[in-house]
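File shown: data16.txt. Contents: compact mmCIF, C-alpha atoms.
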# COMPACT_ATOMS: atom_id res chain seq x y z
CA MET A 1 71.38 148.40 107.34
CA ALA A 2 75.00 147.52 107.93
CA ASN A 3 77.70 149.47 106.18
CA PRO A 4 79.21 147.12 103.57
CA LEU A 5 82.63 148.67 104.13
CA LYS A 6 82.56 148.18 107.89
CA GLN A 7 84.05 144.70 107.41
CA PHE A 8 87.29 146.32 106.21
CA GLU A 9 87.76 148.40 109.35
CA ILE A 10 90.92 147.83 111.33
CA ASN A 11 90.32 147.36 115.05
CA THR A 12 93.14 147.38 117.51
CA ILE A 13 93.16 144.39 119.82
CA VAL A 14 96.41 144.98 121.70
CA PRO A 15 97.87 148.49 121.38
CA ILE A 16 101.63 148.36 120.93
CA HIS A 17 103.81 151.41 120.32
CA LEU A 18 107.47 151.00 119.55
CA GLY A 19 109.38 154.28 119.60
CA GLY A 20 106.51 156.31 118.30
CA VAL A 21 105.61 153.73 115.63
CA ASP A 22 102.20 152.12 115.93
CA ALA A 23 102.73 148.36 115.89
CA SER A 24 99.42 147.42 117.49
CA PHE A 25 98.10 143.92 117.22
CA THR A 26 94.94 144.45 115.16
CA ASN A 27 92.27 142.19 113.72
CA ALA A 28 94.33 142.13 110.51
CA ALA A 29 97.39 140.98 112.45
CA LEU A 30 95.27 138.35 114.19
CA PHE A 31 94.22 136.89 110.85
CA MET A 32 97.79 137.06 109.52
CA VAL A 33 98.97 135.01 112.49
CA LEU A 34 95.96 132.71 112.09
CA THR A 35 96.77 132.21 108.41
CA VAL A 36 100.37 131.31 109.22
CA ALA A 37 99.15 128.88 111.88
CA VAL A 38 96.58 127.25 109.60
CA VAL A 39 99.01 126.87 106.71
CA THR A 40 101.66 125.37 108.97
CA LEU A 41 99.22 123.05 110.71
CA PHE A 42 97.72 121.97 107.40
CA LEU A 43 101.10 121.06 105.96
CA THR A 44 102.57 119.43 109.05
CA LEU A 45 99.51 117.53 110.21
CA SER A 46 98.67 116.25 106.75
CA MET A 47 102.25 115.04 106.24
CA ARG A 48 102.46 113.47 109.69
CA GLY A 49 101.95 109.97 108.34
CA ARG A 50 104.57 110.40 105.59
CA ALA A 51 102.67 107.68 103.79
CA LEU A 52 103.98 106.26 100.54
CA ILE A 53 100.40 106.13 99.33
CA PRO A 54 98.90 109.44 100.47
CA GLY A 55 95.52 109.93 102.08
CA ARG A 56 93.24 112.86 101.31
CA TRP A 57 94.99 115.44 103.48
CA GLN A 58 98.44 114.34 102.44
CA SER A 59 97.33 114.42 98.81
CA MET A 60 96.24 118.04 99.21
CA ALA A 61 99.56 119.04 100.76
CA GLU A 62 101.48 117.20 98.03
CA LEU A 63 99.25 118.72 95.39
CA ALA A 64 100.02 122.22 96.69
CA TYR A 65 103.75 121.42 96.73
CA ASP A 66 103.71 119.96 93.22
CA PHE A 67 101.54 122.79 91.93
CA ILE A 68 104.00 125.47 93.03
CA ALA A 69 107.06 123.36 92.20
CA ASN A 70 105.78 122.93 88.64
CA MET A 71 104.86 126.59 88.42
CA VAL A 72 108.39 127.63 89.42
CA ARG A 73 109.98 125.06 87.11
CA ASP A 74 107.82 126.02 84.12
CA ASN A 75 108.11 129.78 84.58
CA VAL A 76 111.56 130.27 86.03
CA GLY A 77 113.43 127.10 85.18
CA ASN A 78 116.11 125.36 87.22
CA GLU A 79 117.49 128.59 88.70
CA GLY A 80 114.10 129.11 90.34
CA ARG A 81 114.63 126.25 92.80
CA ARG A 82 116.27 128.58 95.33
CA TYR A 83 113.18 130.78 95.38
CA PHE A 84 110.69 127.92 95.60
CA PRO A 85 110.20 128.23 99.40
CA PHE A 86 109.45 131.93 99.04
CA ILE A 87 107.03 131.42 96.13
CA PHE A 88 105.37 128.57 98.00
CA SER A 89 105.01 130.65 101.20
CA LEU A 90 103.62 133.53 99.18
CA PHE A 91 101.02 131.36 97.46
CA MET A 92 99.92 129.58 100.61
CA PHE A 93 99.81 132.85 102.56
CA ILE A 94 97.59 134.62 100.01
CA LEU A 95 95.44 131.55 99.30
CA PHE A 96 94.73 130.83 102.96
CA ALA A 97 94.20 134.51 103.73
CA ASN A 98 91.60 134.67 100.95
CA LEU A 99 89.93 131.41 101.96
CA ILE A 100 89.86 132.16 105.69
CA GLY A 101 88.46 135.58 104.81
CA LEU A 102 85.44 133.88 103.24
CA ILE A 103 84.33 132.51 106.60
CA PRO A 104 81.54 134.78 107.90
CA TYR A 105 82.79 137.39 110.40
CA ALA A 106 86.38 136.67 109.42
CA PHE A 107 88.70 139.45 108.37
CA THR A 108 90.32 139.39 104.91
CA PHE A 109 93.64 141.19 105.17
CA THR A 110 94.30 140.73 101.42
CA SER A 111 91.47 143.23 100.87
CA HIS A 112 93.78 145.94 102.24
CA ILE A 113 95.83 147.80 99.67
CA ILE A 114 98.67 148.40 102.11
CA VAL A 115 99.09 144.65 102.69
CA THR A 116 99.01 143.68 99.02
CA PHE A 117 101.19 146.66 98.13
CA ALA A 118 103.74 145.72 100.77
CA MET A 119 103.90 142.20 99.35
CA ALA A 120 104.10 143.47 95.78
CA ILE A 121 106.82 145.99 96.64
CA PHE A 122 108.79 143.27 98.42
CA VAL A 123 108.53 141.06 95.33
CA PHE A 124 109.42 144.00 93.05
CA VAL A 125 112.45 145.10 95.06
CA GLY A 126 113.57 141.52 95.61
CA VAL A 127 113.31 140.68 91.93
CA THR A 128 115.15 143.86 90.94
CA VAL A 129 117.94 143.12 93.43
CA ILE A 130 118.22 139.57 92.08
CA GLY A 131 118.43 141.01 88.57
CA PHE A 132 121.24 143.41 89.52
CA VAL A 133 123.14 140.77 91.50
CA ARG A 134 122.98 138.34 88.57
CA HIS A 135 123.63 140.71 85.70
CA GLY A 136 125.10 143.87 87.21
CA LEU A 137 124.61 146.93 85.05
CA HIS A 138 123.80 144.59 82.19
CA PHE A 139 120.39 144.38 83.82
CA PHE A 140 119.51 147.72 82.18
CA THR A 141 119.45 146.02 78.77
CA PHE A 142 116.16 144.59 80.01
CA PHE A 143 114.59 147.93 79.13
CA ALA A 144 115.94 147.87 75.58
CA PRO A 145 114.46 144.81 73.87
CA SER A 146 116.85 143.37 71.30
CA GLY A 147 115.93 143.52 67.62
CA VAL A 148 114.23 146.89 67.94
CA PRO A 149 115.31 149.68 65.54
CA VAL A 150 117.41 152.38 67.22
CA VAL A 151 114.90 154.99 66.07
CA MET A 152 112.25 153.38 68.26
CA ALA A 153 114.47 153.33 71.35
CA PRO A 154 113.59 156.81 72.70
CA LEU A 155 109.95 155.78 72.62
CA LEU A 156 110.30 152.16 73.71
CA ILE A 157 112.73 152.52 76.60
CA PRO A 158 110.52 154.93 78.62
CA ILE A 159 107.54 152.65 77.96
CA GLU A 160 109.52 149.62 79.15
CA ILE A 161 110.67 151.46 82.29
CA LEU A 162 107.19 152.69 83.00
CA SER A 163 105.67 149.24 82.56
CA TYR A 164 108.39 147.81 84.83
CA LEU A 165 107.68 150.41 87.52
CA SER A 166 103.94 149.82 87.29
CA ARG A 167 104.36 146.13 88.11
CA PRO A 168 103.99 146.45 91.89
CA VAL A 169 101.00 148.74 91.42
CA SER A 170 99.10 146.40 89.12
CA LEU A 171 100.14 143.38 91.17
CA SER A 172 98.86 144.86 94.43
CA ILE A 173 95.73 146.53 93.07
CA ARG A 174 94.63 143.37 91.27
CA LEU A 175 94.55 141.31 94.46
CA PHE A 176 93.25 144.08 96.71
CA ALA A 177 90.48 145.18 94.31
CA ASN A 178 89.32 141.63 93.67
CA MET A 179 89.08 140.79 97.34
CA MET A 180 87.49 144.08 98.32
CA ALA A 181 84.96 144.05 95.48
CA GLY A 182 83.97 140.47 96.20
CA HIS A 183 83.49 141.03 99.90
CA THR A 184 81.62 144.30 99.35
CA MET A 185 79.26 142.62 96.89
CA LEU A 186 78.63 139.79 99.33
CA LYS A 187 77.82 142.30 102.05
CA VAL A 188 75.62 144.48 99.83
CA PHE A 189 73.54 141.54 98.63
CA ALA A 190 73.39 140.14 102.15
CA GLY A 191 72.10 143.57 103.23
CA PHE A 192 69.20 143.27 100.80
CA VAL A 193 67.99 139.88 102.05
CA VAL A 194 66.11 141.06 105.13
CA PRO A 195 64.82 144.45 103.81
CA LEU A 196 63.29 142.77 100.74
CA GLY A 197 61.13 140.64 103.02
CA LEU A 198 60.04 137.01 102.94
CA LEU A 199 59.00 137.18 99.26
CA GLY A 200 61.75 139.22 97.68
CA GLY A 201 64.62 138.32 99.97
CA TRP A 202 65.28 135.01 98.28
CA ALA A 203 66.69 136.64 95.17
CA PRO A 204 69.67 138.39 96.83
CA LEU A 205 70.16 135.30 98.98
CA ALA A 206 70.44 133.16 95.84
CA VAL A 207 72.83 135.72 94.37
CA ASN A 208 74.88 135.56 97.56
CA VAL A 209 75.10 131.78 97.37
CA ALA A 210 76.34 132.04 93.78
CA LEU A 211 78.72 134.86 94.73
CA THR A 212 80.16 132.84 97.58
CA GLY A 213 80.97 130.03 95.17
CA PHE A 214 82.44 132.54 92.79
CA GLU A 215 84.50 134.07 95.59
CA PHE A 216 86.12 130.69 96.27
CA LEU A 217 87.24 130.69 92.65
CA VAL A 218 88.50 134.27 92.97
CA ALA A 219 90.31 133.43 96.22
CA PHE A 220 92.26 130.68 94.46
CA LEU A 221 92.66 132.51 91.18
CA GLN A 222 94.06 135.69 92.72
CA ALA A 223 96.54 133.75 94.83
CA TYR A 224 97.55 131.92 91.65
CA VAL A 225 97.82 135.11 89.60
CA PHE A 226 99.91 136.88 92.23
CA THR A 227 102.24 133.90 92.47
CA VAL A 228 102.53 133.25 88.76
CA LEU A 229 103.29 136.92 88.08
CA THR A 230 105.95 136.82 90.78
CA CYS A 231 107.43 133.81 88.96
CA LEU A 232 107.36 135.67 85.65
CA TYR A 233 109.06 138.73 87.16
CA LEU A 234 111.64 136.45 88.72
CA ASN A 235 112.19 134.80 85.36
CA ASP A 236 112.70 138.21 83.74
CA ALA A 237 115.26 139.13 86.40
CA ILE A 238 117.15 135.84 86.02
CA HIS A 239 117.04 135.44 82.25
CA LEU A 240 116.37 139.05 81.16
CA HIS A 241 114.29 138.82 77.98
CA MET B 1 51.86 142.79 96.58
CA ARG B 2 52.14 146.55 96.75
CA THR B 3 52.46 146.48 100.53
CA THR B 4 55.46 144.17 100.40
CA LYS B 5 57.14 146.06 97.59
CA ILE B 6 57.28 149.38 99.38
CA PRO B 7 59.45 148.22 102.28
CA ALA B 8 61.53 146.33 99.77
CA LEU B 9 62.18 149.50 97.81
CA LEU B 10 62.85 151.37 101.01
CA GLY B 11 65.38 148.71 101.94
CA LEU B 12 67.12 149.09 98.58
CA VAL B 13 67.31 152.83 98.99
CA ALA B 14 68.58 152.51 102.55
CA ALA B 15 71.28 150.06 101.49
CA THR B 16 72.42 152.26 98.62
CA VAL B 17 72.50 155.32 100.83
CA ALA B 18 74.44 153.46 103.50
CA ALA B 19 76.98 152.31 100.90
CA GLY B 20 77.28 155.84 99.56
CA ASP B 21 77.77 157.21 103.07
CA ALA B 22 80.52 154.74 103.71
CA VAL B 23 82.37 155.64 100.52
CA ALA B 24 81.98 159.29 101.38
CA ALA B 25 83.39 158.62 104.84
CA GLY B 26 86.45 157.10 103.18
CA LEU B 27 87.56 153.56 102.65
CA PRO B 28 89.00 151.93 105.77
CA GLN B 29 91.78 150.73 103.45
CA LEU B 30 92.93 154.28 102.87
CA ASP B 31 93.25 155.18 106.56
CA HIS B 32 97.03 155.64 106.74
CA THR B 33 97.14 155.34 110.53
CA THR B 34 96.51 151.62 110.12
CA PHE B 35 99.37 151.18 107.65
CA SER B 36 102.27 150.77 110.05
CA PRO B 37 100.75 148.04 112.28
CA GLN B 38 99.59 146.11 109.22
CA VAL B 39 102.93 146.23 107.47
CA ILE B 40 104.79 145.35 110.66
CA TRP B 41 102.57 142.36 111.39
CA LEU B 42 102.63 141.31 107.76
CA ALA B 43 106.42 141.29 107.86
CA ILE B 44 106.46 139.35 111.13
CA SER B 45 103.88 136.76 110.11
CA PHE B 46 105.27 136.26 106.62
CA ALA B 47 108.80 135.89 107.96
CA VAL B 48 107.56 133.31 110.45
CA LEU B 49 105.67 131.50 107.69
CA TYR B 50 108.75 131.53 105.46
CA VAL B 51 110.93 130.08 108.20
CA LEU B 52 108.30 127.44 109.08
CA MET B 53 107.93 126.48 105.42
CA THR B 54 111.69 126.22 104.75
CA ARG B 55 112.56 124.49 108.02
CA VAL B 56 109.55 122.32 108.76
CA ALA B 57 106.83 121.92 106.15
CA LEU B 58 108.58 121.84 102.78
CA PRO B 59 111.36 119.38 103.75
CA ARG B 60 108.71 116.96 104.96
CA VAL B 61 106.69 117.11 101.77
CA GLY B 62 109.83 117.10 99.65
CA GLU B 63 111.18 114.05 101.49
CA VAL B 64 108.00 112.08 100.98
CA LEU B 65 107.81 113.04 97.30
CA ASP B 66 111.50 112.20 96.76
CA GLU B 67 111.06 108.91 98.56
CA ARG B 68 108.08 108.08 96.38
CA ALA B 69 109.86 109.13 93.17
CA HIS B 70 112.85 107.02 94.28
CA ARG B 71 110.63 104.02 94.99
CA ILE B 72 108.84 104.39 91.68
CA SER B 73 112.06 104.67 89.67
CA GLU B 74 113.51 101.71 91.57
CA SER B 75 110.38 99.67 90.89
CA LEU B 76 110.56 100.68 87.25
CA ARG B 77 114.18 99.61 87.11
CA THR B 78 113.35 96.27 88.73
CA ALA B 79 110.50 95.84 86.29
CA GLU B 80 112.92 96.64 83.47
CA THR B 81 115.42 93.99 84.58
CA LEU B 82 112.64 91.47 85.15
CA LYS B 83 111.31 92.23 81.71
CA GLY B 84 114.81 91.71 80.28
CA GLU B 85 115.06 88.39 82.09
CA ALA B 86 111.66 87.32 80.87
CA GLU B 87 112.63 88.27 77.33
CA ALA B 88 115.87 86.32 77.62
CA ALA B 89 113.92 83.31 78.94
CA ALA B 90 111.46 83.63 76.10
CA ALA B 91 114.32 83.84 73.61
CA ALA B 92 115.99 80.78 75.15
CA TYR B 93 112.72 78.88 75.02
CA GLU B 94 112.22 80.00 71.43
CA LYS B 95 115.73 78.81 70.57
CA ALA B 96 115.23 75.47 72.32
CA LEU B 97 111.94 75.05 70.51
CA ALA B 98 113.57 75.78 67.17
CA GLU B 99 116.39 73.36 67.96
CA ALA B 100 113.96 70.64 68.99
CA ARG B 101 111.98 71.24 65.86
CA ALA B 102 115.12 71.00 63.70
CA GLN B 103 116.18 67.83 65.49
CA ALA B 104 112.74 66.29 65.07
CA HIS B 105 112.85 67.21 61.41
CA GLU B 106 116.24 65.55 61.07
CA VAL B 107 115.04 62.39 62.79
CA ILE B 108 111.96 62.28 60.60
CA GLN B 109 114.13 62.77 57.53
CA GLU B 110 116.44 59.99 58.62
CA VAL B 111 113.57 57.64 59.32
CA ARG B 112 112.04 58.52 56.00
CA GLU B 113 115.32 57.78 54.20
CA ARG B 114 115.75 54.52 56.05
CA MET B 115 112.20 53.55 55.22
CA ALA B 116 112.75 54.41 51.56
CA GLU B 117 115.92 52.35 51.53
CA GLU B 118 114.21 49.42 53.24
CA THR B 119 111.29 49.61 50.85
CA GLY B 120 113.70 49.64 47.89
CA ARG B 121 115.57 46.70 49.27
CA ARG B 122 112.41 44.70 49.84
CA GLN B 123 111.12 45.64 46.43
CA LYS B 124 114.36 44.38 44.88
CA GLU B 125 114.18 41.18 46.87
CA LEU B 126 110.64 40.61 45.82
CA ASP B 127 111.50 41.37 42.23
CA GLU B 128 114.36 38.91 42.33
CA ARG B 129 112.27 36.23 43.91
CA LEU B 130 109.45 36.78 41.48
CA SER B 131 111.78 36.70 38.47
CA ALA B 132 113.38 33.54 39.80
CA GLU B 133 109.98 31.96 40.19
CA VAL B 134 109.02 33.13 36.72
CA ALA B 135 112.20 31.63 35.29
CA GLU B 136 111.56 28.36 37.12
CA ALA B 137 107.98 28.30 35.91
CA GLU B 138 109.17 28.96 32.36
CA ALA B 139 111.67 26.14 32.67
CA ARG B 140 108.94 23.89 33.91
CA ILE B 141 106.71 24.92 31.06
CA ALA B 142 109.51 24.29 28.54
CA GLU B 143 110.09 20.85 30.07
CA ALA B 144 106.40 20.08 29.90
CA HIS B 145 106.34 21.32 26.30
CA LYS B 146 109.27 19.10 25.35
CA GLN B 147 107.68 16.11 27.04
CA ALA B 148 104.39 16.85 25.38
CA MET B 149 106.07 17.13 22.02
CA ALA B 150 107.87 13.83 22.60
CA GLU B 151 104.60 12.20 23.51
CA VAL B 152 102.98 13.72 20.39
CA ARG B 153 105.83 12.22 18.28
CA THR B 154 105.50 8.78 19.81
CA MET B 155 101.76 8.94 19.45
CA ALA B 156 102.11 10.14 15.85
CA VAL B 157 104.51 7.32 15.05
CA GLU B 158 102.20 4.80 16.63
CA VAL B 159 99.20 6.27 14.85
CA THR B 160 101.07 6.26 11.56
CA GLN B 161 102.14 2.64 12.11
CA ALA B 162 98.63 1.66 13.02
CA ALA B 163 97.19 3.51 10.05
CA SER B 164 99.66 2.00 7.65
CA GLU B 165 98.97 -1.45 9.00
CA ARG B 166 95.35 -0.97 8.46
CA LEU B 167 95.78 0.50 5.01
CA ILE B 168 98.54 -1.58 3.55
CA GLY B 169 98.56 -4.34 5.99
CA GLU B 170 102.00 -3.92 6.99
CA ALA B 171 103.49 -1.87 9.80
CA LEU B 172 106.02 0.57 8.60
CA ASP B 173 109.39 0.66 10.07
CA ALA B 174 109.43 2.69 13.22
CA LYS B 175 112.61 4.41 12.26
CA ALA B 176 111.29 5.63 8.94
CA VAL B 177 108.05 6.75 10.42
CA GLY B 178 109.97 8.56 13.14
CA ALA B 179 111.96 10.44 10.56
CA ALA B 180 108.83 11.34 8.61
CA VAL B 181 107.08 12.54 11.75
CA ASP B 182 110.09 14.55 12.70
CA ASP B 183 110.01 16.14 9.26
CA ALA B 184 106.32 16.87 9.54
CA LEU B 185 106.76 18.37 12.99
CA LYS B 186 109.56 20.53 11.78
CA GLU B 187 107.32 21.79 9.00
CA ALA B 188 104.43 22.41 11.39
CA ARG B 189 106.65 24.41 13.55

How does the structure come out when it is put into structure tokens?
Amino acid sequence: MANPLKQFEINTIVPIHLGGVDASFTNAALFMVLTVAVVTLFLTLSMRGRALIPGRWQSMAELAYDFIANMVRDNVGNEGRRYFPFIFSLFMFILFANLIGLIPYAFTFTSHIIVTFAMAIFVFVGVTVIGFVRHGLHFFTFFAPSGVPVVMAPLLIPIEILSYLSRPVSLSIRLFANMMAGHTMLKVFAGFVVPLGLLGGWAPLAVNVALTGFEFLVAFLQAYVFTVLTCLYLNDAIHLH
Amino acid sequence: MRTTKIPALLGLVAATVAAGDAVAAGLPQLDHTTFSPQVIWLAISFAVLYVLMTRVALPRVGEVLDERAHRISESLRTAETLKGEAEAAAAAYEKALAEARAQAHEVIQEVRERMAEETGRRQKELDERLSAEVAEAEARIAEAHKQAMAEVRTMAVEVTQAASERLIGEALDAKAVGAAVDDALKEAR
């Protein structure tokens, strides 16, 4: 029986070493490039007609645009406009990575903690920098919520700082764990289909069908959650509390 | 049944053991030698995606959406002006209708007054004519009455003369009889 974790293995396709740093083109890199290509092709090909009354493909592209534009407007406000391209890229990148990963034999790079953590750290550092650029040292008042008794401050401020620092951790683990758990479950149940024989094999197969549907939901939901949390963090940095 | 269940159970065990082995061998995600290529390619691909989105994809979608929003707001504005025009036309029509109604009312009133006047005039004329005719008829009746009375007097005189002649054999003087008759007539009246 196949190892359910084998699907997460990184295989080097083109070994590249730059000054002692391994920068090899791996299967993960292949799917990253593929995701970028698919997202770009989807958006450019569907908008090729620039129709006033959109067709199906154009509707999907416009829907994605409106979805993220509304998300940024609702969660960040007008100041969020500048960051809309980044938020949109982030959402499309994660969403398409998750969806492409659902194709059998495809690789899901969002199931790798280092990838999700790198994205989360980028968001975290970026948001913190934006906060300092906008508010200077005043940004530190973010950790001392207004209207709290001074007596509570020694307790509350460390909690606030800790919860702020744990943001990239929770953000990255949420996406990584969801994708990894989903794909592992799919593989485990798929592994039961043949061993359980012609009579019993149908049950895990049925479960797998249901799980696949569920995974589509998770693929969208996790991309949404990652993006919406990025918007909320951005809002905190721009408006403080 | 039993024969098919045994391999099934074996399969379950094998799968569980395989999964356990894999976990024991370590998650591929935690192999730190794969970190650097993944992060590097993530940075490259995401940067490329970001540039493609900002330069190519998003302006296109944005343009189309802006164009549509512009067209819709323009259409709404046109609809608004057309609606205003239609309302103005309706108001003008309403006003014209009210005016026409008022004018018609006036004309009807005038006609009614003229008719009333005419009727009054005719009534008066008729009344006058009728009263004139009545007066004439009365005059004629009075004339006839006078004549009749005169005839009655003459006849009475003649009858009296004839009666006296028969009774006393002598006709009384017409003048005296006339006076007596006149007296009698006066009394009868």

TODO: Rank A:Gly77, A:Leu137, A:Ala190, A:Ile100 by their smallest atom-to-atom distance to chain B, using all atoms listed in the file, and report the top residue only.
DONE: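 Nearest to chain B: A:Ala190.
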
TODO: Give as an MDAnalysis selection string every residue of chain A that touches chain B within 8 Å, counting all atoms listed in the file.
DONE: chainID A and resid 1:6 8:10 21:26 28:29 32:33 36 40 43:44 47 50:52 61:62 65 85:86 89 93 111:115 118 188 191:192 195:197 199:200

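For A:Leu234, the residues within 10 Å (counting all atoms listed in the file, excluding itself and residues fewer than 4 positions away along the chain) are Val72, Asn75, Val76, Glu79, Gly80, Tyr83, Val123, Phe124, Gly126, Val127, Thr128, Ile130, Gly131, Val228, Leu229, Thr230, Ile238, His239 and Leu240 of chain A.
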
- [ ] Within 7 Å of stretch 212-222 of chain A, counting all atoms listed in the file, which residues show up once you throw out same-chain ones fewer than 2 positions away? Write them as a list in words, please.
- [x] Leu95, Asn98, Leu99, Leu175, Gly182, Asn208, Val209, Ala210, Tyr224, Val225 and Phe226 of chain A

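Interatomic distance, atom CA of B:Ala156 against atom CA of B:Val181: 6.9 Å.
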
What box, with edges along x, y and z, holds each listed atom of stretch 219-228 of chain A when 6 Å is added on every side, and can you state its centre and edge lengths in Å to one decimal, as lines of an AutoDock Vina configuration file?
center_x = 96.4
center_y = 133.8
center_z = 92.5
size_x = 24.2
size_y = 18.2
size_z = 19.5

TODO: State, in Å with one decimal place, the distance from atom CA of B:Ser164 to atom CA of B:Ala180.
DONE: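 Between these atoms lies a distance of 13.1 Å.
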
Could you model N, CA, C and O atoms for stretch 175-189 of chain A and present them as a PDB file, in the coordinates of the input?
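In the end it all went to part22.pdb:
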ATOM      1  N   LEU A 175      94.970 142.154  93.336  1.00  0.00           N
ATOM      2  CA  LEU A 175      94.550 141.310  94.460  1.00  0.00           C
ATOM      3  C   LEU A 175      93.620 142.086  95.400  1.00  0.00           C
ATOM      4  O   LEU A 175      92.536 141.604  95.754  1.00  0.00           O
ATOM      5  N   PHE A 176      94.041 143.280  95.766  1.00  0.00           N
ATOM      6  CA  PHE A 176      93.250 144.080  96.710  1.00  0.00           C
ATOM      7  C   PHE A 176      91.851 144.358  96.157  1.00  0.00           C
ATOM      8  O   PHE A 176      90.846 144.162  96.839  1.00  0.00           O
ATOM      9  N   ALA A 177      91.774 144.800  94.883  1.00  0.00           N
ATOM     10  CA  ALA A 177      90.480 145.180  94.310  1.00  0.00           C
ATOM     11  C   ALA A 177      89.565 143.972  94.182  1.00  0.00           C
ATOM     12  O   ALA A 177      88.365 144.053  94.470  1.00  0.00           O
ATOM     13  N   ASN A 178      90.135 142.850  93.786  1.00  0.00           N
ATOM     14  CA  ASN A 178      89.320 141.630  93.670  1.00  0.00           C
ATOM     15  C   ASN A 178      88.729 141.228  95.006  1.00  0.00           C
ATOM     16  O   ASN A 178      87.546 140.908  95.099  1.00  0.00           O
ATOM     17  N   MET A 179      89.559 141.238  96.043  1.00  0.00           N
ATOM     18  CA  MET A 179      89.080 140.790  97.340  1.00  0.00           C
ATOM     19  C   MET A 179      88.075 141.790  97.910  1.00  0.00           C
ATOM     20  O   MET A 179      87.016 141.421  98.414  1.00  0.00           O
ATOM     21  N   MET A 180      88.389 143.072  97.768  1.00  0.00           N
ATOM     22  CA  MET A 180      87.490 144.080  98.320  1.00  0.00           C
ATOM     23  C   MET A 180      86.155 144.082  97.578  1.00  0.00           C
ATOM     24  O   MET A 180      85.093 144.089  98.205  1.00  0.00           O
ATOM     25  N   ALA A 181      86.200 144.029  96.252  1.00  0.00           N
ATOM     26  CA  ALA A 181      84.960 144.050  95.480  1.00  0.00           C
ATOM     27  C   ALA A 181      84.097 142.843  95.818  1.00  0.00           C
ATOM     28  O   ALA A 181      82.888 142.968  96.034  1.00  0.00           O
ATOM     29  N   GLY A 182      84.723 141.685  95.902  1.00  0.00           N
ATOM     30  CA  GLY A 182      83.970 140.470  96.200  1.00  0.00           C
ATOM     31  C   GLY A 182      83.286 140.555  97.549  1.00  0.00           C
ATOM     32  O   GLY A 182      82.092 140.267  97.678  1.00  0.00           O
ATOM     33  N   HIS A 183      84.051 140.973  98.559  1.00  0.00           N
ATOM     34  CA  HIS A 183      83.490 141.030  99.900  1.00  0.00           C
ATOM     35  C   HIS A 183      82.427 142.119 100.032  1.00  0.00           C
ATOM     36  O   HIS A 183      81.436 141.950 100.739  1.00  0.00           O
ATOM     37  N   THR A 184      82.636 143.233  99.320  1.00  0.00           N
ATOM     38  CA  THR A 184      81.620 144.300  99.350  1.00  0.00           C
ATOM     39  C   THR A 184      80.322 143.811  98.723  1.00  0.00           C
ATOM     40  O   THR A 184      79.234 144.027  99.260  1.00  0.00           O
ATOM     41  N   MET A 185      80.449 143.146  97.572  1.00  0.00           N
ATOM     42  CA  MET A 185      79.260 142.620  96.890  1.00  0.00           C
ATOM     43  C   MET A 185      78.509 141.650  97.789  1.00  0.00           C
ATOM     44  O   MET A 185      77.277 141.718  97.907  1.00  0.00           O
ATOM     45  N   LEU A 186      79.269 140.754  98.421  1.00  0.00           N
ATOM     46  CA  LEU A 186      78.630 139.790  99.330  1.00  0.00           C
ATOM     47  C   LEU A 186      77.831 140.530 100.388  1.00  0.00           C
ATOM     48  O   LEU A 186      76.683 140.184 100.680  1.00  0.00           O
ATOM     49  N   LYS A 187      78.458 141.563 100.956  1.00  0.00           N
ATOM     50  CA  LYS A 187      77.820 142.300 102.050  1.00  0.00           C
ATOM     51  C   LYS A 187      76.596 143.077 101.548  1.00  0.00           C
ATOM     52  O   LYS A 187      75.557 143.105 102.203  1.00  0.00           O
ATOM     53  N   VAL A 188      76.732 143.702 100.374  1.00  0.00           N
ATOM     54  CA  VAL A 188      75.620 144.480  99.830  1.00  0.00           C
ATOM     55  C   VAL A 188      74.422 143.575  99.583  1.00  0.00           C
ATOM     56  O   VAL A 188      73.299 143.867  99.999  1.00  0.00           O
ATOM     57  N   PHE A 189      74.662 142.442  98.910  1.00  0.00           N
ATOM     58  CA  PHE A 189      73.540 141.540  98.630  1.00  0.00           C
ATOM     59  C   PHE A 189      72.985 140.946  99.913  1.00  0.00           C
ATOM     60  O   PHE A 189      71.774 140.776 100.042  1.00  0.00           O
TER      61      PHE A 189
END
